[in-house]
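S.K.: Take this structure first; my questions come after.
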2 protein chains.
Amino acid sequence: MSLLVVGSVAFDAVETPFGKCDKMLGGSASHFSISASFFCPVSIVGVVGGDFSDAEQCVFDEHGIGTSDLEKIPDGKTFRWQGRYDYDLNVAHTLDTQLNVFADFKPKLSEASKKSRLLFLGNIQPDLQREVREQMPDAELVALDTMNLWIEHTRDSLLRTIRGVDVVIINDAEARQLTGIPNLIKAAHEILSWGPRALIVKRGEYGAALFTPENYFAIPAYPLESVFDPTGAGDTFAGGFMGYLSSQQTIDEAAMRRAMIFGSVMASFNVEEFGTNRVRRLTHDEINDRFRAFKRMTYFEEIPFERAVQASK
Amino acid sequence: MSLLVVGSVAFDAVETPFGKCDKMLGGSASHFSISASFFCPVSIVGVVGGDFSDAEQCVFDEHGIGTSDLEKIPDGKTFRWQGRYDYDLNVAHTLDTQLNVFADFKPKLSEASKKSRLLFLGNIQPDLQREVREQMPDAELVALDTMNLWIEHTRDSLLRTIRGVDVVIINDAEARQLTGIPNLIKAAHEILSWGPRALIVKRGEYGAALFTPENYFAIPAYPLESVFDPTGAGDTFAGGFMGYLSSQQTIDEAAMRRAMIFGSVMASFNVEEFGTNRVRRLTHDEINDRFRAFKRMTYFEEIPFERAVQASK
């Protein structure tokens, strides 16, 4: 019942209208694994430099996150990202990116990791994603995230990678860019026609949608009066989604729907504080309370309209 | 169990990337009443000119829509609106507006109309909306629509009108503009603090949300592979919402939630063809089928995460 993630482990510097943090643990694999750790055993494939200290390692250890495939290059520096958000918190302005040890990242999977039941390919170069995926032919479910950079510059490789995964998790702009189709519903069916059995479209404050060849499932976002720092929300969603699926014996559409809710719950906590701060100290009761809130805010009675009843009143 | 709407009856000329129509029945009261007529008896308060012919009257008659308060000015011309949509069908470009008889519109309510159980104040000048509302002190539920024009130029009057209604139905940009608050959840609570017991925020392709002082309810839009003409979608939503409520003996939050679905169902049909063409020939089976589709596309099992169960596997 184990889950593997390949992606970045980084130091983020983030400035928002509400505060500033010069250095905190970030990166797709960090956000993903901390979120997933509330649901299942999870391990990271990634790379860090000599500046990755005991304090950061401790965060992973406290959550039981496996780091035996997190390569350490003592004379290198960890990936750094610096960004700023204005009042429109949907848009991240990148101020600086230093790939450092991540520039030459070659994912190395131990034999134990290769036996993981589920795999999440975080947002890295699609050739690398495919290499990892091909080392795990027996994985029960493989999901992938990507971004505009790879859609623009390595489209052919990305399409090959997408053909080999089960679930694609992207935002609506990426779905349109990837297919060149403005209508999201048509774009979604185009992506599913390439092979994946499910597509998840993240819509930020508008929630998320799950497309399968037969069905459509859509949920709102948890209503937040203030968003403090949206960095990592997408990976935290993916961590909740994949972590929950990993905890389930049967991975069918019903499980995926519940996983969408758990993913949204985790993302809603993530944006309440800087970096991974809020998610790190979550309890299962807090997670389940917000899961139940999703039921309350989407529930309606299924009573079709009866003209006869109405007319007789 | 009757419903009254005050609003515009117009001739629309619409151009979209998919076609063109030089003259068709439009206006808020037309879209609203045709939609509502599938659920309850509905009457219009409005004004038309001598160019309003039997063909248009026939549409109202066929749907049993009361037009005794639809004033006819034989030597005047009916309100005309001409608009264009590009591929971004969310944005209407107004090419021409001729208010004609609508410029001097003074709503006149018969004694019978004043006894209507529910009232919808379509998007007209807020002083007029308030005059109508004050003539119906015993209405069980009064809802209001408005637009950026009135928020900008007659804000004080609009606020006075909002204080006297039960439900405000606007889009998210209008909610932000009305309150000056960028966060939608905060903006919604601000509007509710003025008096209404419910706020509905329309989000176009992202669905709609219902805010009450205690609760939050949000639904996605029906997934459409193509939108042909979005004109009147908001009024068609309001017609389905108010029409359904009008058919119900008890108007509580549970009824409002179902009414949100019926409103969304009606709006989803409206955009499939020009003007009122698609809605006019709807059947109750088609409406109920799409209502049930909403249940399917929002349903998930409420099974909180059980750490113990997971760990024991």
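How things are named: the first chain in the structure tokens is A, the next is B, and so on; residues count from 1 in each chain; ligands count from 1 in the order shown.
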What lies within 12 Å of A:Val59 using only C-alpha atoms, ignoring chain neighbours under 5 positions off, as a list in words?

M.R.: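 Counting only the stated atoms, we get Met24, Leu25, Gly26, Ser30, His31, Ser33, Ile34, Ser35, Ser37, Phe52, Ser53, Asp54, Gly64, Ile65, Gly66, Thr67, Thr276, Asn277, Val279, Arg280 and Arg281 of chain A.
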
S.K.: Can you list every residue of chain B that has an atom at most 8 Å from chain A, with its nearest atom pair and the distance in Å to one decimal, using only C-alpha atoms, ordered by chain then number, as CSV?

M.R.:
```
residue,atom,partner,partner_atom,distance
B:Met1,CA,A:Lys313,CA,7.9
B:Phe39,CA,A:Arg307,CA,6.9
B:Cys40,CA,A:Gln310,CA,7.5
B:Asn183,CA,A:Glu225,CA,6.6
B:Leu184,CA,A:Glu225,CA,7.8
B:Ile185,CA,A:Glu225,CA,5.5
B:Lys186,CA,A:Glu225,CA,5.6
B:Tyr206,CA,A:Tyr206,CA,6.4
B:Asn215,CA,A:Met297,CA,7.5
B:Tyr216,CA,A:Met297,CA,5.5
B:Phe217,CA,A:Met297,CA,4.3
B:Ala218,CA,A:Thr298,CA,5.9
B:Ile219,CA,A:Thr298,CA,6.6
B:Pro220,CA,A:Ala218,CA,6.1
B:Pro223,CA,A:Ile185,CA,6.4
B:Leu224,CA,A:Ile185,CA,6.6
B:Glu225,CA,A:Ile185,CA,5.5
B:Ser226,CA,A:Asn183,CA,7.1
B:Tyr244,CA,A:Phe305,CA,7.9
B:Ser247,CA,A:Gln310,CA,5.4
B:Gln248,CA,A:Gln310,CA,7.3
B:Ala254,CA,A:Phe300,CA,6.8
B:Arg257,CA,A:Phe300,CA,5.9
B:Arg258,CA,A:Phe300,CA,6.1
B:His284,CA,A:Phe305,CA,7.8
B:Asn288,CA,A:Pro304,CA,5.5
B:Phe291,CA,A:Pro304,CA,6.9
B:Arg292,CA,A:Glu302,CA,7.0
B:Lys295,CA,A:Glu302,CA,6.8
B:Arg296,CA,A:Phe217,CA,7.6
B:Met297,CA,A:Phe217,CA,4.4
B:Thr298,CA,A:Phe217,CA,5.7
B:Tyr299,CA,A:Phe217,CA,7.7
B:Phe300,CA,A:Arg257,CA,5.9
B:Glu301,CA,A:Arg258,CA,6.8
B:Glu302,CA,A:Lys295,CA,6.8
B:Ile303,CA,A:Arg258,CA,7.9
B:Pro304,CA,A:Asn288,CA,5.5
B:Phe305,CA,A:Asn288,CA,6.5
B:Arg307,CA,A:Phe39,CA,6.9
B:Gln310,CA,A:Ser247,CA,5.4
B:Ala311,CA,A:Cys40,CA,7.9
B:Lys313,CA,A:Met1,CA,8.0
```

S.K.: Taking only stretch 27-98 of chain A into account, list the residues labelled helix (DSSP H, G or I) by DSSP (computed from the backbone), as an NGL selection string.

M.R.: :A and (28-36 or 54-62)

S.K.: Limited to N, CA, C and O atoms, could you put the picked residues into a file as a PDB file, in the first residue's frame?

M.R.:
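To be explicit, this is the file written out as again.pdb:
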```
ATOM      1  N   SER A  28       7.789  20.396  -5.248  1.00  0.00           N
ATOM      2  CA  SER A  28       6.609  19.559  -5.467  1.00  0.00           C
ATOM      3  C   SER A  28       6.638  18.295  -4.606  1.00  0.00           C
ATOM      4  O   SER A  28       5.626  17.910  -4.014  1.00  0.00           O
ATOM      5  N   ALA A  29       7.799  17.647  -4.493  1.00  0.00           N
ATOM      6  CA  ALA A  29       7.859  16.388  -3.745  1.00  0.00           C
ATOM      7  C   ALA A  29       7.652  16.622  -2.243  1.00  0.00           C
ATOM      8  O   ALA A  29       7.089  15.766  -1.556  1.00  0.00           O
ATOM      9  N   SER A  30       8.087  17.779  -1.749  1.00  0.00           N
ATOM     10  CA  SER A  30       7.890  18.084  -0.327  1.00  0.00           C
ATOM     11  C   SER A  30       6.410  18.273  -0.028  1.00  0.00           C
ATOM     12  O   SER A  30       5.859  17.641   0.882  1.00  0.00           O
ATOM     13  N   HIS A  31       5.768  19.183  -0.775  1.00  0.00           N
ATOM     14  CA  HIS A  31       4.344  19.438  -0.542  1.00  0.00           C
ATOM     15  C   HIS A  31       3.524  18.157  -0.728  1.00  0.00           C
ATOM     16  O   HIS A  31       2.633  17.848   0.066  1.00  0.00           O
ATOM     17  N   PHE A  32       3.846  17.419  -1.783  1.00  0.00           N
ATOM     18  CA  PHE A  32       3.103  16.195  -2.074  1.00  0.00           C
ATOM     19  C   PHE A  32       3.247  15.177  -0.946  1.00  0.00           C
ATOM     20  O   PHE A  32       2.258  14.633  -0.443  1.00  0.00           O
ATOM     21  N   SER A  33       4.486  14.927  -0.537  1.00  0.00           N
ATOM     22  CA  SER A  33       4.716  13.825   0.408  1.00  0.00           C
ATOM     23  C   SER A  33       4.181  14.148   1.800  1.00  0.00           C
ATOM     24  O   SER A  33       3.638  13.264   2.472  1.00  0.00           O
ATOM     25  N   ILE A  34       4.315  15.405   2.236  1.00  0.00           N
ATOM     26  CA  ILE A  34       3.792  15.751   3.567  1.00  0.00           C
ATOM     27  C   ILE A  34       2.270  15.576   3.574  1.00  0.00           C
ATOM     28  O   ILE A  34       1.695  15.023   4.506  1.00  0.00           O
ATOM     29  N   SER A  35       1.618  16.012   2.494  1.00  0.00           N
ATOM     30  CA  SER A  35       0.161  15.854   2.388  1.00  0.00           C
ATOM     31  C   SER A  35      -0.228  14.374   2.360  1.00  0.00           C
ATOM     32  O   SER A  35      -1.103  13.927   3.102  1.00  0.00           O
ATOM     33  N   ALA A  36       0.454  13.596   1.521  1.00  0.00           N
ATOM     34  CA  ALA A  36       0.125  12.166   1.380  1.00  0.00           C
ATOM     35  C   ALA A  36       0.384  11.395   2.663  1.00  0.00           C
ATOM     36  O   ALA A  36      -0.292  10.399   2.947  1.00  0.00           O
ATOM     37  N   ASP A  54      19.514  19.145   8.952  1.00  0.00           N
ATOM     38  CA  ASP A  54      18.740  18.253   9.815  1.00  0.00           C
ATOM     39  C   ASP A  54      17.330  18.775  10.042  1.00  0.00           C
ATOM     40  O   ASP A  54      16.384  17.997  10.198  1.00  0.00           O
ATOM     41  N   ALA A  55      17.165  20.104  10.067  1.00  0.00           N
ATOM     42  CA  ALA A  55      15.847  20.685  10.315  1.00  0.00           C
ATOM     43  C   ALA A  55      14.862  20.249   9.236  1.00  0.00           C
ATOM     44  O   ALA A  55      13.718  19.873   9.530  1.00  0.00           O
ATOM     45  N   GLU A  56      15.320  20.271   7.963  1.00  0.00           N
ATOM     46  CA  GLU A  56      14.438  19.866   6.861  1.00  0.00           C
ATOM     47  C   GLU A  56      14.220  18.350   6.891  1.00  0.00           C
ATOM     48  O   GLU A  56      13.105  17.866   6.714  1.00  0.00           O
ATOM     49  N   GLN A  57      15.324  17.624   7.106  1.00  0.00           N
ATOM     50  CA  GLN A  57      15.216  16.164   7.161  1.00  0.00           C
ATOM     51  C   GLN A  57      14.229  15.745   8.241  1.00  0.00           C
ATOM     52  O   GLN A  57      13.452  14.795   8.073  1.00  0.00           O
ATOM     53  N   CYS A  58      14.249  16.497   9.332  1.00  0.00           N
ATOM     54  CA  CYS A  58      13.392  16.214  10.472  1.00  0.00           C
ATOM     55  C   CYS A  58      11.905  16.285  10.089  1.00  0.00           C
ATOM     56  O   CYS A  58      11.090  15.495  10.567  1.00  0.00           O
ATOM     57  N   VAL A  59      11.557  17.240   9.224  1.00  0.00           N
ATOM     58  CA  VAL A  59      10.156  17.366   8.782  1.00  0.00           C
ATOM     59  C   VAL A  59       9.715  16.084   8.084  1.00  0.00           C
ATOM     60  O   VAL A  59       8.634  15.544   8.357  1.00  0.00           O
ATOM     61  N   PHE A  60      10.574  15.585   7.203  1.00  0.00           N
ATOM     62  CA  PHE A  60      10.236  14.334   6.510  1.00  0.00           C
ATOM     63  C   PHE A  60      10.170  13.174   7.508  1.00  0.00           C
ATOM     64  O   PHE A  60       9.251  12.357   7.465  1.00  0.00           O
ATOM     65  N   ASP A  61      11.152  13.120   8.401  1.00  0.00           N
ATOM     66  CA  ASP A  61      11.198  12.017   9.369  1.00  0.00           C
ATOM     67  C   ASP A  61       9.951  11.995  10.254  1.00  0.00           C
ATOM     68  O   ASP A  61       9.372  10.940  10.500  1.00  0.00           O
ATOM     69  N   GLU A  62       9.577  13.175  10.728  1.00  0.00           N
ATOM     70  CA  GLU A  62       8.409  13.253  11.620  1.00  0.00           C
ATOM     71  C   GLU A  62       7.139  12.718  10.959  1.00  0.00           C
ATOM     72  O   GLU A  62       6.205  12.292  11.625  1.00  0.00           O
TER      73      GLU A  62
END
```

S.K.: Take atom CA of B:Phe237 and atom CA of B:Phe120 and report the distance between them in Å, one decimal.

M.R.: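 According to the coordinates, atom CA of B:Phe237 and atom CA of B:Phe120 are separated by 12.0 Å.
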
S.K.: Can you list, as a list in words, every protein, DNA or RNA residue that comes within 8 Å of B:Leu121 when you count only C-alpha atoms, leaving out same-chain residues fewer than 2 positions away?

M.R.: Val5, Val6, Gly7, Leu119, Asn123, Ile124, Gln129, Arg133, Val142, Ala143, Leu144 and Asp145 of chain B

S.K.: Taking 2 positions as the minimum chain separation for residues in the same chain, which residues sit within 9 Å of stretch 173-176 of chain A when counting only C-alpha atoms? Answer as a VMD selection string.

M.R.: chain A and resid 146 to 148 151 170 to 171 178 to 184 187 to 188 191 201 203

S.K.: Any chance you could export the current selection's N, CA and C atoms as a PDB file, in the first residue's frame?

M.R.:
```pdb
ATOM      1  N   THR A 146       2.203  18.448 -14.796  1.00  0.00           N
ATOM      2  CA  THR A 146       3.136  19.092 -15.709  1.00  0.00           C
ATOM      3  C   THR A 146       2.906  20.601 -15.660  1.00  0.00           C
ATOM      4  N   MET A 147       3.508  21.359 -16.575  1.00  0.00           N
ATOM      5  CA  MET A 147       3.332  22.813 -16.559  1.00  0.00           C
ATOM      6  C   MET A 147       3.510  23.389 -17.961  1.00  0.00           C
ATOM      7  N   ASN A 148       3.198  24.685 -18.115  1.00  0.00           N
ATOM      8  CA  ASN A 148       3.256  25.344 -19.418  1.00  0.00           C
ATOM      9  C   ASN A 148       4.630  25.223 -20.090  1.00  0.00           C
ATOM     10  N   ILE A 151       4.827  21.960 -21.837  1.00  0.00           N
ATOM     11  CA  ILE A 151       3.844  21.903 -22.920  1.00  0.00           C
ATOM     12  C   ILE A 151       4.383  22.664 -24.135  1.00  0.00           C
ATOM     13  N   ILE A 170      -3.811  18.464 -13.979  1.00  0.00           N
ATOM     14  CA  ILE A 170      -3.331  19.767 -14.456  1.00  0.00           C
ATOM     15  C   ILE A 170      -4.381  20.841 -14.178  1.00  0.00           C
ATOM     16  N   ASN A 171      -4.082  22.108 -14.501  1.00  0.00           N
ATOM     17  CA  ASN A 171      -5.109  23.139 -14.342  1.00  0.00           C
ATOM     18  C   ASN A 171      -5.815  23.407 -15.678  1.00  0.00           C
ATOM     19  N   LEU A 178      -2.501  22.431 -23.790  1.00  0.00           N
ATOM     20  CA  LEU A 178      -2.024  21.105 -24.209  1.00  0.00           C
ATOM     21  C   LEU A 178      -2.751  20.613 -25.462  1.00  0.00           C
ATOM     22  N   THR A 179      -4.052  20.936 -25.565  1.00  0.00           N
ATOM     23  CA  THR A 179      -4.854  20.425 -26.678  1.00  0.00           C
ATOM     24  C   THR A 179      -5.104  21.465 -27.760  1.00  0.00           C
ATOM     25  N   GLY A 180      -4.940  22.752 -27.435  1.00  0.00           N
ATOM     26  CA  GLY A 180      -5.311  23.805 -28.380  1.00  0.00           C
ATOM     27  C   GLY A 180      -6.815  23.928 -28.539  1.00  0.00           C
ATOM     28  N   ILE A 181      -7.576  23.398 -27.576  1.00  0.00           N
ATOM     29  CA  ILE A 181      -9.043  23.435 -27.652  1.00  0.00           C
ATOM     30  C   ILE A 181      -9.564  24.355 -26.542  1.00  0.00           C
ATOM     31  N   PRO A 182     -10.281  25.444 -26.920  1.00  0.00           N
ATOM     32  CA  PRO A 182     -10.736  26.394 -25.898  1.00  0.00           C
ATOM     33  C   PRO A 182     -11.783  25.805 -24.943  1.00  0.00           C
ATOM     34  N   ASN A 183     -12.693  24.975 -25.454  1.00  0.00           N
ATOM     35  CA  ASN A 183     -13.737  24.409 -24.594  1.00  0.00           C
ATOM     36  C   ASN A 183     -13.137  23.309 -23.707  1.00  0.00           C
ATOM     37  N   LEU A 184     -13.270  23.487 -22.390  1.00  0.00           N
ATOM     38  CA  LEU A 184     -12.610  22.582 -21.453  1.00  0.00           C
ATOM     39  C   LEU A 184     -13.128  21.154 -21.546  1.00  0.00           C
ATOM     40  N   ALA A 187     -11.630  19.632 -24.575  1.00  0.00           N
ATOM     41  CA  ALA A 187     -10.188  19.453 -24.318  1.00  0.00           C
ATOM     42  C   ALA A 187      -9.963  18.223 -23.444  1.00  0.00           C
ATOM     43  N   ALA A 188     -10.816  18.063 -22.428  1.00  0.00           N
ATOM     44  CA  ALA A 188     -10.682  16.929 -21.508  1.00  0.00           C
ATOM     45  C   ALA A 188     -10.855  15.608 -22.250  1.00  0.00           C
ATOM     46  N   ILE A 191      -7.762  14.748 -24.249  1.00  0.00           N
ATOM     47  CA  ILE A 191      -6.664  14.209 -23.422  1.00  0.00           C
ATOM     48  C   ILE A 191      -6.941  12.751 -23.042  1.00  0.00           C
ATOM     49  N   VAL A 201      -8.847  18.254 -13.511  1.00  0.00           N
ATOM     50  CA  VAL A 201      -8.575  19.646 -13.849  1.00  0.00           C
ATOM     51  C   VAL A 201      -8.744  20.482 -12.588  1.00  0.00           C
ATOM     52  N   ARG A 203      -9.047  23.989 -10.700  1.00  0.00           N
ATOM     53  CA  ARG A 203      -9.567  25.298 -11.094  1.00  0.00           C
ATOM     54  C   ARG A 203      -9.401  26.336  -9.987  1.00  0.00           C
TER      55      ARG A 203
END
```

S.K.: Nearest to B:Lys202: which of B:Gly27, B:Gly263, B:Gly49, B:Gly243 is it, counting only C-alpha atoms?

M.R.: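 So, comparing all the options, the nearest one is B:Gly263.
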
S.K.: Which of stretch 196-240 of chain B end up as strand (DSSP E or B) when DSSP is run on this backbone - answer as a list in words?

M.R.: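 Output for stretch 196-240 of chain B, strand (DSSP E or B) only: Ala198, Leu199, Ile200, Val201, Lys202, Ala208, Ala209, Leu210, Phe211, Tyr216, Phe217, Ala218 and Ile219 of chain B.
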
S.K.: Take the residues from that selection and put them in a file with N, CA and C atoms, as a compact mmCIF listing (two decimals), in the first residue's frame.

M.R.:
```txt
# COMPACT_ATOMS: atom_id res chain seq x y z
N ALA B 198 -30.37 35.42 1.54
CA ALA B 198 -29.58 34.55 0.65
C ALA B 198 -28.95 35.37 -0.46
N LEU B 199 -27.76 34.93 -0.87
CA LEU B 199 -27.07 35.53 -2.01
C LEU B 199 -26.69 34.41 -2.95
N ILE B 200 -27.05 34.57 -4.22
CA ILE B 200 -26.62 33.60 -5.22
C ILE B 200 -25.58 34.26 -6.10
N VAL B 201 -24.42 33.61 -6.22
CA VAL B 201 -23.37 34.13 -7.08
C VAL B 201 -23.24 33.22 -8.29
N LYS B 202 -23.50 33.81 -9.47
CA LYS B 202 -23.39 33.06 -10.72
C LYS B 202 -21.95 33.15 -11.20
N ALA B 208 -22.41 27.88 -9.81
CA ALA B 208 -23.07 28.91 -9.00
C ALA B 208 -22.95 28.54 -7.53
N ALA B 209 -23.06 29.55 -6.67
CA ALA B 209 -22.95 29.32 -5.22
C ALA B 209 -24.09 30.03 -4.51
N LEU B 210 -24.58 29.40 -3.46
CA LEU B 210 -25.64 29.97 -2.62
C LEU B 210 -25.05 30.24 -1.24
N PHE B 211 -25.07 31.50 -0.84
CA PHE B 211 -24.61 31.89 0.49
C PHE B 211 -25.80 32.24 1.35
N TYR B 216 -23.09 27.42 3.14
CA TYR B 216 -22.53 27.65 1.82
C TYR B 216 -22.87 26.43 0.99
N PHE B 217 -23.35 26.65 -0.23
CA PHE B 217 -23.71 25.56 -1.13
C PHE B 217 -23.17 25.93 -2.51
N ALA B 218 -22.45 25.02 -3.15
CA ALA B 218 -21.87 25.36 -4.45
C ALA B 218 -22.03 24.20 -5.41
N ILE B 219 -22.36 24.53 -6.65
CA ILE B 219 -22.56 23.51 -7.68
C ILE B 219 -21.79 23.88 -8.93
```

S.K.: If we count only C-alpha atoms and set the cut-off at 7 Å, which residues sit around B:Phe79, ignoring sequence neighbours fewer than 5 positions away in its own chain? Please answer as a PyMOL selection string.

M.R.: chain B and resi 9-11+98-102

S.K.: In Å, rounded to a single decimal, give me how far atom CA of B:Ala103 is from atom CA of B:Asp127.

M.R.: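 Answer for the atom CA of B:Asp127 to atom CA of B:Ala103 separation: 13.8 Å.
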
S.K.: Please, what distance in Å, to one decimal, runs between atom CA of A:Tyr85 and atom CA of A:Gly232?

M.R.: 13.1 Å
